[in-house]
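Note: the block below is query09.cif and it holds mmCIF, C-alpha atoms.
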```
data_my_file
loop_
_atom_site.label_atom_id
_atom_site.label_comp_id
_atom_site.auth_asym_id
_atom_site.auth_seq_id
_atom_site.Cartn_x
_atom_site.Cartn_y
_atom_site.Cartn_z
CA MET A 1402 -5.25 -16.29 -15.77
CA ARG A 1403 -5.62 -12.79 -14.30
CA SER A 1404 -9.23 -13.47 -13.40
CA ILE A 1405 -8.19 -16.63 -11.55
CA ILE A 1406 -5.50 -14.71 -9.64
CA LEU A 1407 -7.94 -11.91 -8.84
CA THR A 1408 -10.55 -14.43 -7.70
CA LEU A 1409 -7.98 -16.13 -5.45
CA ALA A 1410 -6.88 -12.77 -4.04
CA ILE A 1411 -10.48 -11.80 -3.28
CA LEU A 1412 -11.16 -15.21 -1.71
CA THR A 1413 -8.03 -14.83 0.43
CA LEU A 1414 -9.19 -11.35 1.44
CA VAL A 1415 -12.66 -12.60 2.40
CA LEU A 1416 -11.22 -15.50 4.41
CA ALA A 1417 -8.75 -13.22 6.17
CA ILE A 1418 -11.49 -10.76 7.11
CA ALA A 1419 -13.79 -13.55 8.29
CA GLY A 1420 -11.00 -15.06 10.39
CA ALA A 1421 -10.00 -11.72 11.85
CA GLY A 1422 -13.48 -10.90 13.11
CA CYS A 1423 -13.90 -7.79 10.95
CA THR A 1424 -13.05 -5.29 13.67
CA THR A 1425 -12.73 -1.58 13.11
CA THR A 1426 -10.11 0.50 14.85
CA THR A 1427 -10.15 4.24 15.36
CA PRO A 1428 -7.04 5.99 14.04
CA PRO A 1429 -4.87 7.80 16.58
CA ALA A 1430 -5.61 11.48 17.26
CA THR A 1431 -2.04 12.36 16.29
CA SER A 1432 0.15 11.10 13.50
CA PRO A 1433 2.29 8.13 14.53
CA THR A 1434 6.00 8.71 14.77
CA ALA A 1435 8.61 6.44 13.30
CA SER A 1436 11.81 5.51 15.08
CA SER A 1437 15.05 6.71 13.55
CA THR A 1438 16.30 3.15 13.13
CA PRO A 1439 13.48 0.96 11.88
CA SER A 1440 13.59 -2.68 12.92
CA PRO A 1441 11.29 -4.74 10.70
CA THR A 1442 9.94 -8.06 11.85
CA THR A 1443 9.99 -11.16 9.69
CA ILE A 1444 6.67 -12.33 8.25
CA THR A 1445 6.62 -16.08 7.66
CA THR A 1446 3.05 -16.69 6.54
CA SER A 1447 1.99 -17.00 2.93
CA THR A 1448 -1.51 -15.59 3.43
CA VAL A 1449 -2.47 -11.95 3.47
CA THR A 1450 -4.13 -10.65 6.62
CA VAL A 1451 -5.95 -7.42 5.89
CA ASN A 1452 -6.45 -4.85 8.65
CA THR A 1453 -9.43 -2.90 7.30
CA PRO A 1454 -12.76 -1.61 8.58
CA ALA A 1455 -15.81 -3.78 8.04
CA THR A 1456 -17.47 -1.31 5.65
CA LEU A 1457 -15.53 -0.24 2.58
CA SER A 1458 -16.54 1.67 -0.52
CA ALA A 1459 -16.19 -0.03 -3.91
CA ASP A 1460 -13.02 1.98 -4.58
CA GLU A 1461 -11.51 0.95 -1.24
CA LYS A 1462 -12.31 -2.69 -1.93
CA ARG A 1463 -10.70 -2.36 -5.38
CA VAL A 1464 -7.48 -0.86 -3.97
CA SER A 1465 -7.16 -3.31 -1.06
CA ALA A 1466 -7.85 -6.33 -3.32
CA PHE A 1467 -5.23 -5.07 -5.81
CA VAL A 1468 -2.62 -4.69 -3.05
CA SER A 1469 -3.55 -8.07 -1.56
CA GLU A 1470 -3.01 -9.69 -4.95
CA ALA A 1471 0.42 -7.99 -5.20
CA VAL A 1472 1.34 -9.15 -1.67
CA VAL A 1473 0.63 -12.76 -2.65
CA TYR A 1474 2.69 -12.26 -5.82
CA GLY A 1475 5.55 -10.69 -3.86
CA ARG A 1476 5.70 -13.48 -1.33
CA LYS A 1477 5.56 -16.14 -4.03
CA HIS A 1478 8.12 -14.66 -6.43
CA GLY A 1479 10.58 -13.02 -4.02
CA ARG A 1480 11.81 -9.47 -3.70
CA GLN A 1481 13.94 -9.08 -6.84
CA ALA A 1482 11.41 -10.52 -9.31
CA SER A 1483 8.50 -8.72 -7.64
CA LEU A 1484 10.18 -5.32 -7.67
CA ALA A 1485 11.03 -5.80 -11.35
CA GLU A 1486 7.35 -6.52 -12.04
CA PHE A 1487 6.14 -3.59 -9.88
CA ASN A 1488 8.54 -1.20 -11.72
CA ASP A 1489 7.43 -2.36 -15.19
CA PRO A 1490 5.02 0.24 -16.66
CA ASN A 1491 3.64 -2.53 -18.90
CA GLY A 1492 3.58 -5.14 -16.14
CA SER A 1493 0.69 -6.97 -14.54
CA PHE A 1494 0.50 -4.54 -11.59
CA VAL A 1495 -0.39 -1.47 -13.64
CA ARG A 1496 -4.12 -1.41 -14.30
CA GLY A 1497 -5.58 1.84 -15.50
CA ASP A 1498 -5.23 4.34 -12.66
CA LEU A 1499 -3.86 1.72 -10.23
CA TYR A 1500 -0.21 0.77 -9.87
CA ILE A 1501 1.89 -0.74 -7.10
CA PHE A 1502 4.54 1.31 -5.32
CA ALA A 1503 7.07 -0.17 -2.89
CA ALA A 1504 9.52 1.01 -0.24
CA ASP A 1505 11.72 -0.43 2.46
CA TYR A 1506 11.36 0.34 6.16
CA ASN A 1507 13.98 3.10 5.96
CA GLY A 1508 11.69 5.01 3.57
CA THR A 1509 13.65 4.29 0.39
CA SER A 1510 11.51 3.94 -2.73
CA LEU A 1511 11.91 0.53 -4.38
CA ALA A 1512 9.18 0.73 -7.04
CA SER A 1513 7.29 3.62 -8.60
CA ILE A 1514 6.07 3.89 -12.16
CA ALA A 1515 4.80 7.42 -11.40
CA LEU A 1516 8.18 8.69 -10.14
CA PRO A 1517 10.79 6.30 -11.58
CA LYS A 1518 13.62 8.82 -11.07
CA ARG A 1519 12.95 8.70 -7.30
CA VAL A 1520 13.41 4.91 -7.07
CA ASN A 1521 16.34 4.18 -4.71
CA THR A 1522 15.96 7.54 -2.97
CA SER A 1523 14.51 8.19 0.46
CA PHE A 1524 11.09 9.74 1.08
CA TYR A 1525 11.44 9.23 4.86
CA ASP A 1526 11.67 12.93 5.73
CA ASP A 1527 9.34 14.20 2.98
CA VAL A 1528 6.13 15.94 4.00
CA ASP A 1529 3.05 16.62 1.91
CA VAL A 1530 1.29 20.00 1.62
CA THR A 1531 -0.49 19.37 4.93
CA GLY A 1532 2.82 18.82 6.76
CA GLN A 1533 2.23 15.07 7.09
CA TYR A 1534 5.25 12.73 7.04
CA TYR A 1535 3.42 10.47 4.61
CA MET A 1536 6.22 7.89 4.22
CA ARG A 1537 6.53 7.45 7.99
CA ASN A 1538 2.75 6.99 8.24
CA LYS A 1539 2.83 4.32 5.53
CA ILE A 1540 5.72 2.56 7.26
CA ASN A 1541 3.84 2.49 10.58
CA LEU A 1542 0.66 1.23 8.92
CA SER A 1543 2.57 -1.52 7.10
CA ARG A 1544 4.29 -2.63 10.31
CA SER A 1545 0.96 -2.81 12.14
CA GLY A 1546 -0.75 -5.10 9.62
CA GLY A 1547 -1.58 -2.69 6.80
CA GLY A 1548 -4.31 -0.18 6.26
CA PHE A 1549 -5.54 3.01 4.60
CA THR A 1550 -4.14 6.54 4.76
CA THR A 1551 -4.92 9.71 2.83
CA ILE A 1552 -1.97 11.74 1.57
CA HIS A 1553 -1.57 14.71 -0.77
CA PHE A 1554 0.65 13.68 -3.67
CA PRO A 1555 1.37 14.65 -7.30
CA ASN A 1556 -1.13 13.03 -9.68
CA PRO A 1557 0.62 11.90 -12.89
CA ALA A 1558 -2.74 11.90 -14.73
CA HIS A 1559 -3.16 15.65 -14.04
CA ASN A 1560 0.30 16.96 -14.90
CA PHE A 1561 1.56 16.07 -11.39
CA THR A 1562 -0.86 18.45 -9.65
CA VAL A 1563 -0.94 17.72 -5.90
CA GLU A 1564 -4.26 16.04 -5.01
CA PRO A 1565 -5.64 13.92 -2.15
CA LYS A 1566 -4.82 10.25 -2.64
CA LEU A 1567 -6.31 7.38 -0.66
CA CYS A 1568 -3.59 4.73 -0.25
CA TYR A 1569 -3.66 1.18 1.04
CA VAL A 1570 -0.34 -0.29 2.23
CA HIS A 1571 0.75 -3.74 3.41
CA ASP A 1572 3.97 -5.52 4.41
CA ILE A 1573 5.50 -8.14 2.10
CA ASP A 1574 8.21 -9.91 4.11
CA GLY A 1575 9.31 -7.67 6.97
CA THR A 1576 11.96 -5.93 4.85
CA TYR A 1577 9.72 -3.95 2.50
CA TRP A 1578 6.09 -3.02 1.96
CA ILE A 1579 3.87 -2.13 -0.98
CA GLY A 1580 0.82 -0.01 -1.64
CA ALA A 1581 -1.52 1.45 -4.20
CA GLY A 1582 -3.91 4.37 -4.19
CA MET A 1583 -6.64 6.35 -5.89
CA TYR A 1584 -6.88 10.10 -6.35
CA ASN A 1585 -9.91 12.34 -5.72
CA GLN A 1586 -12.05 9.85 -3.92
CA SER A 1587 -15.00 11.50 -2.20
CA ASN A 1588 -16.84 8.41 -0.98
CA VAL A 1589 -14.32 6.81 1.37
CA THR A 1590 -14.79 5.38 4.83
CA ALA A 1591 -11.31 4.25 5.86
CA ARG A 1592 -9.37 7.49 6.24
CA ASN A 1593 -6.91 8.35 8.95
#
```

Just give me the structure of the file as structure tokens.
Amino acid sequence: MRSIILTLAILTLVLAIAGAGCTTTTPPATSPTASSTPSPTTITTSTVTVNTPATLSADEKRVSAFVSEAVVYGRKHGRQASLAEFNDPNGSFVRGDLYIFAADYNGTSLASIALPKRVNTSFYDDVDVTGQYYMRNKINLSRSGGGFTTIHFPNPAHNFTVEPKLCYVHDIDGTYWIGAGMYNQSNVTARN
């Protein structure tokens, strides 16, 4: 069953990329800023449109396919059921070092198996060790069709030591977004 879902997610990803023309955009020279009162837009489609560069490493493909599969799941099962699944440490969206995290457009965490005590708290004004407002960057990426960002975040596999983490984020329904990421990736092409 999981292999069928993964195959469908990958097929959806390939079709979305083929339909989008596989364009690459250059990230802005400065970090995007978020408005103080976010106003999400409603997404009515049931397909996942992926905004990614044409050339991705194997790890980037793995993360974006995982998130794309979770987007399809989220749109099919609705917010409440999806967040319950994303918060389940034994659920279908925890696979080895990959797990889904979720937040709303105000920066409030809705799902995190790595930091379950921070669920229902805001990360909107948090900065990483580089001074980056990582939540605001993820919100802006999700609103603009999804994409990759590199943040510095505690790694639960290494006693919560702060390490670089390549994240891919994508909107679910205009009210919240999800993402996943990988730590210590040296061969990445889609950084901002």

Per residue of range 1512-1534 of chain A within 8 Å of range 1483-1505 of chain A, what are the shortest atom pair and its distance in Å to one decimal, counting all atoms listed in the file, with rows by chain and residue number, as a Markdown table?
```
| residue | atom | partner | partner_atom | distance |
| --- | --- | --- | --- | --- |
| A:Ala1512 | CA | A:Ala1503 | CA | 4.7 |
| A:Ser1513 | CA | A:Phe1502 | CA | 4.9 |
| A:Ile1514 | CA | A:Asn1488 | CA | 5.7 |
| A:Pro1517 | CA | A:Asn1488 | CA | 7.8 |
```

Coordinates-based distance that separates CA of Ser1465 in chain A from CA of Gly1479 in chain A (Å, one decimal):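 CA of Ser1465 in chain A lies 20.4 Å from CA of Gly1479 in chain A.
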
Suppose a student applies the PyMOL selection byres ((chain A and resi 1547) around 6) to this structure; what residues should they get, written as a ChimeraX atom specification? /A:1452,1542-1543,1545-1546,1548,1570-1571

Would you save the residues of that selection, restricted to C-alpha atoms, as a JSON list (two decimals), in the coordinates of the input?
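What landed in result11.json:
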```json
[["chain", "number", "residue", "atom", "x", "y", "z"],
["A", 1452, "ASN", "CA", -6.45, -4.85, 8.65],
["A", 1542, "LEU", "CA", 0.66, 1.23, 8.92],
["A", 1543, "SER", "CA", 2.57, -1.52, 7.10],
["A", 1545, "SER", "CA", 0.96, -2.81, 12.14],
["A", 1546, "GLY", "CA", -0.75, -5.10, 9.62],
["A", 1548, "GLY", "CA", -4.31, -0.18, 6.26],
["A", 1570, "VAL", "CA", -0.34, -0.29, 2.23],
["A", 1571, "HIS", "CA", 0.75, -3.74, 3.41]]
```

What does the structure give for the distance between CA of Pro1557 in chain A and CA of Thr1456 in chain A, in Å to one decimal?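 Calculated distance between CA of Pro1557 in chain A and CA of Thr1456 in chain A is 29.1 Å.
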
Evaluate the PyMOL selection byres ((chain A and resi 1474) around 10) on the structure here and hand back the selected residues as a VMD selection string. chain A and resid 1406 1410 1447 1468 to 1473 1475 to 1480 1482 to 1483 1486 1494 1573

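Straight-line separation from CA of Gly1580 in chain A to CA of Phe1554 in chain A: 13.8 Å.
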
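For the choices A:Val1530, A:Met1536, A:Leu1457, A:Val1464, the atom-to-atom distance to Tyr1584 in chain A is smallest for A:Val1464 when using all atoms listed in the file.
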
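If only C-alpha atoms are the atoms counted, then among A:Asn1556, A:Thr1576, A:Asn1538, A:Asn1507 the closest residue to Ser1523 in chain A is A:Asn1507.
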
For Lys1566 in chain A, work out the shell of residues within 6 Å, counting only C-alpha atoms and skipping chain neighbours fewer than 2 positions away, then give it as a list in words.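 Near neighbours after the sequence-gap exclusion: Thr1551, Ile1552, His1553, Met1583 and Tyr1584 of chain A.
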